[in-house]
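Coordinates as given in final37.txt (compact mmCIF, C-alpha atoms (C1' of nucleotides)):
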# COMPACT_ATOMS: atom_id res chain seq x y z
CA MET T 1 113.10 23.13 54.27
CA GLU T 2 110.65 21.51 51.86
CA LYS T 3 108.98 24.08 49.70
CA THR T 4 108.08 23.47 46.12
CA ILE T 5 109.50 19.98 46.08
CA ASP T 6 106.90 17.37 46.86
CA LYS T 7 107.17 14.46 49.17
CA GLU T 8 106.90 11.53 46.78
CA LYS T 9 109.44 8.85 47.38
CA LEU T 10 112.27 8.52 44.97
CA PRO T 11 113.08 4.88 44.39
CA LEU T 12 116.71 5.54 45.22
CA CYS T 13 117.05 3.93 48.60
CA SER T 14 115.87 4.68 52.11
CA GLY T 15 113.70 7.68 52.82
CA GLU T 16 116.36 9.49 54.79
CA TYR T 17 118.65 9.66 51.80
CA VAL T 18 115.90 10.89 49.55
CA LEU T 19 115.06 13.64 52.00
CA ALA T 20 118.69 14.64 52.20
CA VAL T 21 118.95 14.92 48.44
CA LYS T 22 115.78 17.00 48.33
CA ASP T 23 117.12 19.33 50.99
CA THR T 24 120.26 19.82 48.98
CA MET T 25 118.38 20.38 45.75
CA ASN T 26 116.23 22.92 47.51
CA VAL T 27 119.30 24.91 48.42
CA ILE T 28 121.03 24.89 45.05
CA SER T 29 118.18 24.94 42.56
CA GLY T 30 116.88 28.09 41.01
CA LYS T 31 118.68 30.63 38.94
CA TRP T 32 120.41 32.68 41.62
CA LYS T 33 121.11 30.48 44.65
CA LEU T 34 124.49 29.28 43.43
CA PRO T 35 125.70 32.70 42.27
CA ILE T 36 124.79 34.13 45.67
CA ILE T 37 126.48 31.32 47.57
CA GLY T 38 129.48 31.64 45.32
CA SER T 39 129.75 35.35 45.92
CA LEU T 40 129.38 34.95 49.67
CA SER T 41 132.01 32.22 49.69
CA TYR T 42 134.54 35.02 49.29
CA GLY T 43 133.44 36.64 52.51
CA VAL T 44 130.87 38.86 54.19
CA LYS T 45 128.96 41.08 51.78
CA ARG T 46 126.36 43.81 51.96
CA PHE T 47 123.17 43.82 49.91
CA LYS T 48 124.40 46.35 47.39
CA GLU T 49 127.72 44.59 46.99
CA LEU T 50 125.94 41.37 46.12
CA GLU T 51 123.71 43.22 43.69
CA ARG T 52 126.77 44.66 41.97
CA GLU T 53 128.77 41.44 41.87
CA ILE T 54 126.00 39.18 40.69
CA GLN T 55 125.40 40.61 37.29
CA LYS T 56 121.86 41.14 36.10
CA ILE T 57 120.14 40.15 39.33
CA THR T 58 117.34 42.49 40.41
CA PRO T 59 116.86 43.66 44.01
CA ARG T 60 113.59 41.80 44.07
CA MET T 61 115.21 38.45 43.27
CA LEU T 62 118.23 39.08 45.47
CA SER T 63 115.96 39.87 48.39
CA LYS T 64 113.77 36.85 47.78
CA GLU T 65 116.64 34.41 47.41
CA LEU T 66 118.53 35.75 50.44
CA LYS T 67 115.40 35.36 52.51
CA GLU T 68 115.02 31.72 51.47
CA LEU T 69 118.68 31.00 52.07
CA GLU T 70 118.37 32.53 55.51
CA LEU T 71 115.30 30.42 56.27
CA ASN T 72 117.26 27.33 55.28
CA SER T 73 120.19 28.31 57.51
CA ILE T 74 122.58 28.73 54.63
CA VAL T 75 123.05 32.46 55.08
CA LYS T 76 123.24 34.59 58.20
CA ARG T 77 121.87 38.13 58.08
CA THR T 78 123.20 40.82 60.40
CA VAL T 79 121.72 44.30 60.72
CA HIS T 80 124.04 47.06 61.91
CA ASP T 81 122.31 49.98 63.55
CA THR T 82 124.05 52.74 61.65
CA THR T 83 122.51 55.54 59.61
CA PRO T 84 121.48 54.51 57.15
CA VAL T 85 121.26 50.90 58.23
CA THR T 86 123.74 48.46 56.79
CA VAL T 87 123.00 44.77 56.44
CA GLU T 88 125.63 42.11 56.10
CA TYR T 89 125.23 38.63 54.73
CA GLU T 90 127.53 35.70 55.29
CA LEU T 91 127.52 31.94 54.85
CA THR T 92 126.76 29.79 57.88
CA PRO T 93 129.13 26.89 58.60
CA SER T 94 126.63 24.66 56.80
CA GLY T 95 126.61 27.10 53.92
CA LYS T 96 130.34 26.90 53.60
CA LYS T 97 130.36 23.14 53.64
CA ILE T 98 128.12 22.92 50.62
CA LYS T 99 131.23 23.60 48.62
CA ARG T 100 131.88 19.87 48.83
CA VAL T 101 128.77 19.29 46.78
CA LEU T 102 129.88 21.86 44.25
CA ASP T 103 133.26 20.16 44.05
CA ALA T 104 131.58 16.86 43.25
CA MET T 105 129.51 18.61 40.60
CA VAL T 106 132.58 20.20 39.03
CA ALA T 107 134.42 16.89 39.01
CA TRP T 108 131.55 15.05 37.36
CA GLY T 109 130.81 17.88 34.94
CA LEU T 110 134.35 18.07 33.68
CA GLU T 111 134.67 14.31 33.34
CA HIS T 112 131.32 14.03 31.62
CA ARG T 113 132.15 16.79 29.18
CA GLU T 114 135.36 15.02 28.30
CA ASN T 115 133.60 11.67 27.84
CA VAL T 116 130.94 13.16 25.61
CA MET T 117 132.97 15.61 23.58
CA GLY T 118 135.86 13.20 23.31
CA MET U 1 124.04 20.32 27.13
CA GLU U 2 122.97 23.88 27.87
CA LYS U 3 119.27 24.29 27.59
CA THR U 4 117.23 26.54 29.79
CA ILE U 5 120.17 27.66 31.84
CA ASP U 6 121.67 30.84 30.52
CA LYS U 7 125.31 31.61 29.99
CA GLU U 8 125.88 34.36 32.54
CA LYS U 9 129.02 33.93 34.55
CA LEU U 10 128.70 32.84 38.12
CA PRO U 11 131.27 34.64 40.25
CA LEU U 12 132.48 31.32 41.61
CA CYS U 13 135.82 30.92 39.92
CA SER U 14 137.07 30.17 36.43
CA GLY U 15 134.67 29.72 33.57
CA GLU U 16 135.41 26.03 33.14
CA TYR U 17 134.22 25.24 36.61
CA VAL U 18 131.09 27.28 36.18
CA LEU U 19 130.29 25.43 32.98
CA ALA U 20 130.85 22.11 34.68
CA VAL U 21 128.45 23.02 37.47
CA LYS U 22 125.86 24.13 34.95
CA ASP U 23 126.18 20.88 33.06
CA THR U 24 125.62 18.96 36.24
CA MET U 25 122.68 21.10 37.29
CA ASN U 26 121.18 20.56 33.88
CA VAL U 27 121.25 16.82 34.40
CA ILE U 28 119.79 16.73 37.90
CA SER U 29 117.36 19.62 37.95
CA GLY U 30 113.70 19.23 37.24
CA LYS U 31 111.16 17.12 38.99
CA TRP U 32 111.83 13.73 37.44
CA LYS U 33 115.49 13.46 36.40
CA LEU U 34 116.72 12.16 39.72
CA PRO U 35 113.90 9.65 40.20
CA ILE U 36 114.59 8.29 36.72
CA ILE U 37 118.32 8.07 37.28
CA GLY U 38 117.69 6.47 40.63
CA SER U 39 115.42 3.87 39.15
CA LEU U 40 117.83 3.08 36.32
CA SER U 41 120.68 2.77 38.80
CA TYR U 42 119.20 -0.60 39.70
CA GLY U 43 119.56 -1.87 36.16
CA VAL U 44 118.12 -1.86 32.66
CA LYS U 45 114.44 -0.96 32.54
CA ARG U 46 111.67 -0.72 29.98
CA PHE U 47 109.45 2.29 29.51
CA LYS U 48 106.47 0.76 31.27
CA GLU U 49 108.60 -0.48 34.13
CA LEU U 50 109.87 3.01 34.73
CA GLU U 51 106.36 4.38 34.54
CA ARG U 52 105.24 1.90 37.18
CA GLU U 53 108.19 2.37 39.50
CA ILE U 54 108.27 6.14 39.41
CA GLN U 55 104.99 6.90 41.06
CA LYS U 56 102.77 9.58 39.58
CA ILE U 57 104.88 10.30 36.52
CA THR U 58 102.92 10.58 33.28
CA PRO U 59 104.08 8.99 30.02
CA ARG U 60 104.46 12.46 28.59
CA MET U 61 106.97 13.53 31.22
CA LEU U 62 108.76 10.19 31.25
CA SER U 63 109.23 10.38 27.51
CA LYS U 64 110.38 13.97 27.61
CA GLU U 65 112.86 13.46 30.41
CA LEU U 66 114.27 10.26 28.93
CA LYS U 67 114.84 12.07 25.66
CA GLU U 68 116.74 14.85 27.39
CA LEU U 69 118.79 12.41 29.41
CA GLU U 70 119.62 10.55 26.22
CA LEU U 71 120.65 13.78 24.51
CA ASN U 72 122.95 14.52 27.41
CA SER U 73 124.48 11.05 27.25
CA ILE U 74 123.21 10.01 30.64
CA VAL U 75 120.89 7.32 29.37
CA LYS U 76 121.24 4.85 26.52
CA ARG U 77 118.13 3.83 24.62
CA THR U 78 117.89 0.46 22.88
CA VAL U 79 115.03 -0.57 20.62
CA HIS U 80 114.33 -4.28 20.26
CA ASP U 81 112.55 -5.23 17.06
CA THR U 82 109.88 -7.41 18.61
CA THR U 83 106.10 -7.13 18.26
CA PRO U 84 105.16 -4.94 19.78
CA VAL U 85 108.44 -3.11 20.05
CA THR U 86 110.17 -3.07 23.39
CA VAL U 87 112.53 -0.31 24.37
CA GLU U 88 115.15 -0.60 27.05
CA TYR U 89 116.82 2.20 28.93
CA GLU U 90 120.05 2.06 30.88
CA LEU U 91 122.55 4.43 32.40
CA THR U 92 125.69 5.24 30.46
CA PRO U 93 129.03 5.00 32.32
CA SER U 94 128.78 8.75 32.83
CA GLY U 95 125.26 8.31 34.13
CA LYS U 96 126.41 5.79 36.68
CA LYS U 97 129.22 8.01 37.88
CA ILE U 98 126.83 10.80 38.78
CA LYS U 99 126.14 8.77 41.89
CA ARG U 100 129.19 10.47 43.37
CA VAL U 101 127.39 13.78 43.15
CA LEU U 102 124.34 12.28 44.81
CA ASP U 103 126.54 10.89 47.55
CA ALA U 104 127.92 14.34 48.22
CA MET U 105 124.39 15.70 48.29
CA VAL U 106 123.26 13.04 50.74
CA ALA U 107 126.25 13.66 52.99
CA TRP U 108 125.69 17.40 53.06
CA GLY U 109 121.93 17.08 53.42
CA LEU U 110 122.16 14.79 56.42
CA GLU U 111 124.79 16.90 58.11
CA HIS U 112 122.88 20.09 57.43
CA ARG U 113 119.67 18.65 58.79
CA GLU U 114 121.45 17.63 61.94
CA ASN U 115 123.05 21.05 62.36
CA VAL U 116 119.79 22.86 61.86
CA MET U 117 117.40 20.60 63.73
CA GLY U 118 119.88 19.97 66.49
C1' DC Y 1 103.71 -0.86 24.32
C1' DT Y 2 105.89 3.48 23.32
C1' DG Y 3 105.30 7.36 22.73
C1' DC Y 4 103.53 12.49 20.40
C1' DA Y 5 100.05 16.69 20.11
C1' DT Y 6 97.35 19.89 22.38
C1' DC Y 7 95.56 22.56 25.97
C1' DC Y 8 96.01 24.75 30.39
C1' DG Y 9 97.15 26.36 35.15
C1' DA Y 10 100.82 27.51 38.64
C1' DG Y 11 104.89 29.40 39.70
C1' DG Y 12 109.61 31.41 38.60
C1' DC Y 13 111.52 35.30 37.12
C1' DG Y 14 112.12 40.06 34.91
C1' DA Y 15 110.95 45.21 34.57
C1' DT Y 16 109.76 49.11 36.72
C1' DA Y 17 108.43 52.18 40.23
C1' DC Y 18 108.22 53.23 45.00
C1' DT Y 19 109.25 53.36 50.48
C1' DG Y 20 111.68 53.83 55.23
C1' DC F 1 121.12 51.82 51.59
C1' DA F 2 118.01 47.94 51.74
C1' DG F 3 114.48 46.48 50.35
C1' DT F 4 108.77 46.24 48.68
C1' DA F 5 104.77 46.43 45.29
C1' DT F 6 102.78 45.60 41.04
C1' DC F 7 102.51 43.75 36.62
C1' DG F 8 103.22 40.46 33.08
C1' DC F 9 105.76 36.98 30.46
C1' DC F 10 107.26 32.38 29.90
C1' DT F 11 108.59 27.83 31.12
C1' DC F 12 107.54 23.67 33.65
C1' DG F 13 104.68 20.23 34.34
C1' DG F 14 99.78 17.95 34.60
C1' DA F 15 95.59 16.12 31.90
C1' DT F 16 93.82 14.14 28.10
C1' DG F 17 93.46 12.10 23.66
C1' DC F 18 95.55 9.98 19.60
C1' DA F 19 99.15 7.19 16.66
C1' DG F 20 102.56 3.63 15.12
For the file at hand, write its structure as structure tokens.
Amino acid sequence: MEKTIDKEKLPLCSGEYVLAVKDTMNVISGKWKLPIIGSLSYGVKRFKELEREIQKITPRMLSKELKELELNSIVKRTVHDTTPVTVEYELTPSGKKIKRVLDAMVAWGLEHRENVMG
Amino acid sequence: MEKTIDKEKLPLCSGEYVLAVKDTMNVISGKWKLPIIGSLSYGVKRFKELEREIQKITPRMLSKELKELELNSIVKRTVHDTTPVTVEYELTPSGKKIKRVLDAMVAWGLEHRENVMG
DNA sequence: CTGCATCCGAGGCGATACTG
DNA sequence: CAGTATCGCCTCGGATGCAG
């Protein structure tokens, strides 16, 4: 929690709310977080599967983003002691619930596009 | 609409939804968009008022962000022909409705924090 | 007051090659 | 398979100064 985003107060309302928004932004901002969450929303995936499904992502970025998502308790990583090792990634309960935020974003985005474009 | 965010497909679902999410992300991402929207959610404001209320923002960034928000039909800019000129900014109807997205973010953020911290 | 022009550093992200 | 290491670009955002 709290990484690049600073701690200045947004003049929105009470500090708790501002923190909550920042937490959420932290989880969904960046180029690859949402694609990864989206892919994992379909079920457990291995590293290579994610790399294949999320077009154009490099192992470096996939690794980095998964690590951050794990730190923030959005993704759970499981190592299976096979040969060679296999690693599975899945959304935590919290990770799954973020879909509600995405739904709100879709709803607003569609409505806004209609308002603007006519 | 559509600026720095590229047009790759997220493997979330249909293309419309993905576009809608990108539109929304475009409006709320960056360091100052949310603070500005938050401040304007309390009513019409002038440039200098915004600069005072949003701590640490520079005129350069305020100007830049307001311009983008205006381009995306989130903010309406009104010039009053006084001396010296005064300029007022306010949220468009669409801009006001984005509060629903923020609400979803607050709800998830609080719940997530509770889950994680215990 | 309301901005725009310029310069600059930090960090996000991509490309490529390599390891256990 | 599941990552790591290194390099380098490029955009975001801060600082400062100037203009209408």
Quick one: contact table of chain U to chain F, 10 Å max, nearest atom pair and distance in Å to one decimal per residue, counting all atoms listed in the file, chain and number order, as a Markdown table?
| residue | atom | partner | partner_atom | distance |
| --- | --- | --- | --- | --- |
| U:Thr4 | CA | F:DT11 | C1' | 8.8 |
| U:Gly30 | CA | F:DC12 | C1' | 8.4 |
| U:Lys31 | CA | F:DG13 | C1' | 8.6 |
| U:Ile57 | CA | F:DG14 | C1' | 9.4 |
| U:Thr58 | CA | F:DG14 | C1' | 8.1 |
| U:Arg60 | CA | F:DG14 | C1' | 9.4 |
| U:Met61 | CA | F:DG13 | C1' | 7.7 |
Can you move chain U onto chain T by a least-squares fit over all C-alpha atoms paired in order, then give me the moved copy as a CSV table (one decimal) with C-alpha atoms, keeping the file's coordinate frame?
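Once written, result05.csv looks like this:
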chain,number,residue,atom,x,y,z
U,1,MET,CA,113.3,23.2,54.3
U,2,GLU,CA,110.8,21.6,51.9
U,3,LYS,CA,109.1,24.2,49.7
U,4,THR,CA,108.1,23.6,46.2
U,5,ILE,CA,109.5,20.1,46.1
U,6,ASP,CA,106.8,17.5,46.8
U,7,LYS,CA,107.1,14.6,49.1
U,8,GLU,CA,106.8,11.7,46.7
U,9,LYS,CA,109.4,9.0,47.3
U,10,LEU,CA,112.2,8.7,44.8
U,11,PRO,CA,113.0,5.0,44.2
U,12,LEU,CA,116.6,5.7,45.1
U,13,CYS,CA,117.0,4.0,48.4
U,14,SER,CA,115.8,4.7,52.0
U,15,GLY,CA,113.7,7.6,52.8
U,16,GLU,CA,116.3,9.4,54.8
U,17,TYR,CA,118.6,9.6,51.8
U,18,VAL,CA,115.9,10.9,49.6
U,19,LEU,CA,115.0,13.6,52.0
U,20,ALA,CA,118.7,14.6,52.2
U,21,VAL,CA,118.9,14.9,48.5
U,22,LYS,CA,115.8,17.0,48.4
U,23,ASP,CA,117.1,19.3,51.0
U,24,THR,CA,120.2,19.8,49.0
U,25,MET,CA,118.4,20.3,45.8
U,26,ASN,CA,116.2,22.9,47.6
U,27,VAL,CA,119.3,24.9,48.5
U,28,ILE,CA,121.0,24.9,45.1
U,29,SER,CA,118.1,24.9,42.6
U,30,GLY,CA,116.8,28.1,41.1
U,31,LYS,CA,118.6,30.6,39.0
U,32,TRP,CA,120.4,32.6,41.7
U,33,LYS,CA,121.1,30.4,44.7
U,34,LEU,CA,124.5,29.2,43.5
U,35,PRO,CA,125.7,32.6,42.3
U,36,ILE,CA,124.8,34.1,45.7
U,37,ILE,CA,126.5,31.3,47.6
U,38,GLY,CA,129.5,31.6,45.3
U,39,SER,CA,129.8,35.3,45.9
U,40,LEU,CA,129.4,34.9,49.7
U,41,SER,CA,132.0,32.2,49.7
U,42,TYR,CA,134.6,35.0,49.3
U,43,GLY,CA,133.5,36.6,52.5
U,44,VAL,CA,130.9,38.8,54.2
U,45,LYS,CA,129.0,41.0,51.8
U,46,ARG,CA,126.4,43.8,51.9
U,47,PHE,CA,123.2,43.8,49.9
U,48,LYS,CA,124.4,46.3,47.3
U,49,GLU,CA,127.7,44.5,47.0
U,50,LEU,CA,126.0,41.3,46.1
U,51,GLU,CA,123.7,43.2,43.7
U,52,ARG,CA,126.8,44.6,41.9
U,53,GLU,CA,128.8,41.4,41.8
U,54,ILE,CA,126.0,39.1,40.7
U,55,GLN,CA,125.4,40.5,37.3
U,56,LYS,CA,121.8,41.0,36.1
U,57,ILE,CA,120.1,40.1,39.4
U,58,THR,CA,117.3,42.4,40.4
U,59,PRO,CA,116.9,43.6,44.0
U,60,ARG,CA,113.6,41.7,44.1
U,61,MET,CA,115.2,38.4,43.4
U,62,LEU,CA,118.3,39.0,45.5
U,63,SER,CA,116.0,39.8,48.5
U,64,LYS,CA,113.8,36.8,47.9
U,65,GLU,CA,116.7,34.4,47.5
U,66,LEU,CA,118.6,35.7,50.5
U,67,LYS,CA,115.5,35.3,52.6
U,68,GLU,CA,115.1,31.7,51.6
U,69,LEU,CA,118.7,30.9,52.1
U,70,GLU,CA,118.4,32.5,55.6
U,71,LEU,CA,115.4,30.4,56.3
U,72,ASN,CA,117.3,27.3,55.4
U,73,SER,CA,120.2,28.3,57.6
U,74,ILE,CA,122.6,28.7,54.7
U,75,VAL,CA,123.1,32.4,55.1
U,76,LYS,CA,123.3,34.6,58.2
U,77,ARG,CA,121.9,38.1,58.1
U,78,THR,CA,123.3,40.8,60.4
U,79,VAL,CA,121.7,44.3,60.7
U,80,HIS,CA,124.0,47.1,61.7
U,81,ASP,CA,122.2,50.1,63.3
U,82,THR,CA,123.9,52.8,61.3
U,83,THR,CA,122.3,55.5,59.2
U,84,PRO,CA,121.3,54.4,56.8
U,85,VAL,CA,121.1,50.8,58.0
U,86,THR,CA,123.7,48.4,56.6
U,87,VAL,CA,123.0,44.7,56.3
U,88,GLU,CA,125.7,42.1,56.1
U,89,TYR,CA,125.3,38.6,54.7
U,90,GLU,CA,127.6,35.7,55.3
U,91,LEU,CA,127.6,31.9,54.9
U,92,THR,CA,126.8,29.8,57.9
U,93,PRO,CA,129.2,26.9,58.6
U,94,SER,CA,126.7,24.6,56.9
U,95,GLY,CA,126.6,27.1,54.0
U,96,LYS,CA,130.4,26.9,53.6
U,97,LYS,CA,130.4,23.1,53.7
U,98,ILE,CA,128.1,22.9,50.7
U,99,LYS,CA,131.3,23.6,48.7
U,100,ARG,CA,131.9,19.9,48.9
U,101,VAL,CA,128.8,19.3,46.8
U,102,LEU,CA,129.9,21.9,44.3
U,103,ASP,CA,133.2,20.2,44.1
U,104,ALA,CA,131.6,16.9,43.3
U,105,MET,CA,129.5,18.7,40.6
U,106,VAL,CA,132.5,20.3,39.1
U,107,ALA,CA,134.4,17.0,39.0
U,108,TRP,CA,131.5,15.1,37.4
U,109,GLY,CA,130.8,18.0,35.0
U,110,LEU,CA,134.3,18.2,33.7
U,111,GLU,CA,134.7,14.4,33.3
U,112,HIS,CA,131.3,14.2,31.6
U,113,ARG,CA,132.1,16.9,29.2
U,114,GLU,CA,135.4,15.2,28.3
U,115,ASN,CA,133.6,11.8,27.8
U,116,VAL,CA,131.0,13.3,25.6
U,117,MET,CA,133.0,15.8,23.6
U,118,GLY,CA,135.9,13.4,23.3
Could you check which of U:Pro59, U:Pro93, U:Gly118, U:Pro35 is closest to chain T, using all atoms listed in the file?
-> U:Pro35
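Here atom CA of T:Ile37 is placed at a distance of 19.2 Å from atom CA of U:Leu110.
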Report the distance between atom CA of U:Lys22 and atom CA of U:Gly109 in Å, rounded to one decimal place.
-> 20.2 Å
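Comparing the minimum interatomic distances between U:Ser63 and each of U:Arg113, U:His80, U:Lys33, U:Arg100, counting only C-alpha atoms, we find that U:Lys33 sits nearest.
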Could you please select, counting all atoms listed in the file, the residues of chain Y within 9 Å of chain T and state them as number ranges by chain?
-> Y: 12-14
Taking all atoms of stretch 78-91 of chain T that the file lists, what box with edges along x, y and z, padded by 4 Å per side, do you get, with centre and edge lengths in Å to one decimal, as AutoDock Vina command-line options?
--center_x 124.4 --center_y 43.7 --center_z 59.1 --size_x 14.3 --size_y 31.6 --size_z 16.8
Please identify every residue of chain U that has at least one atom no more than 8 Å from any atom of chain T, counting only C-alpha atoms, and report them as an NGL selection string.
-> :U and (5 or 8 or 10-12 or 17-25 or 29 or 31 or 34-35 or 38-39 or 53-55 or 73 or 94 or 97-98 or 100-102 or 104-110 or 112-113 or 115-116)
Coordinates-based distance that separates atom CA of U:Lys45 from atom CA of T:Asn26 (Å, one decimal) | 28.2 Å
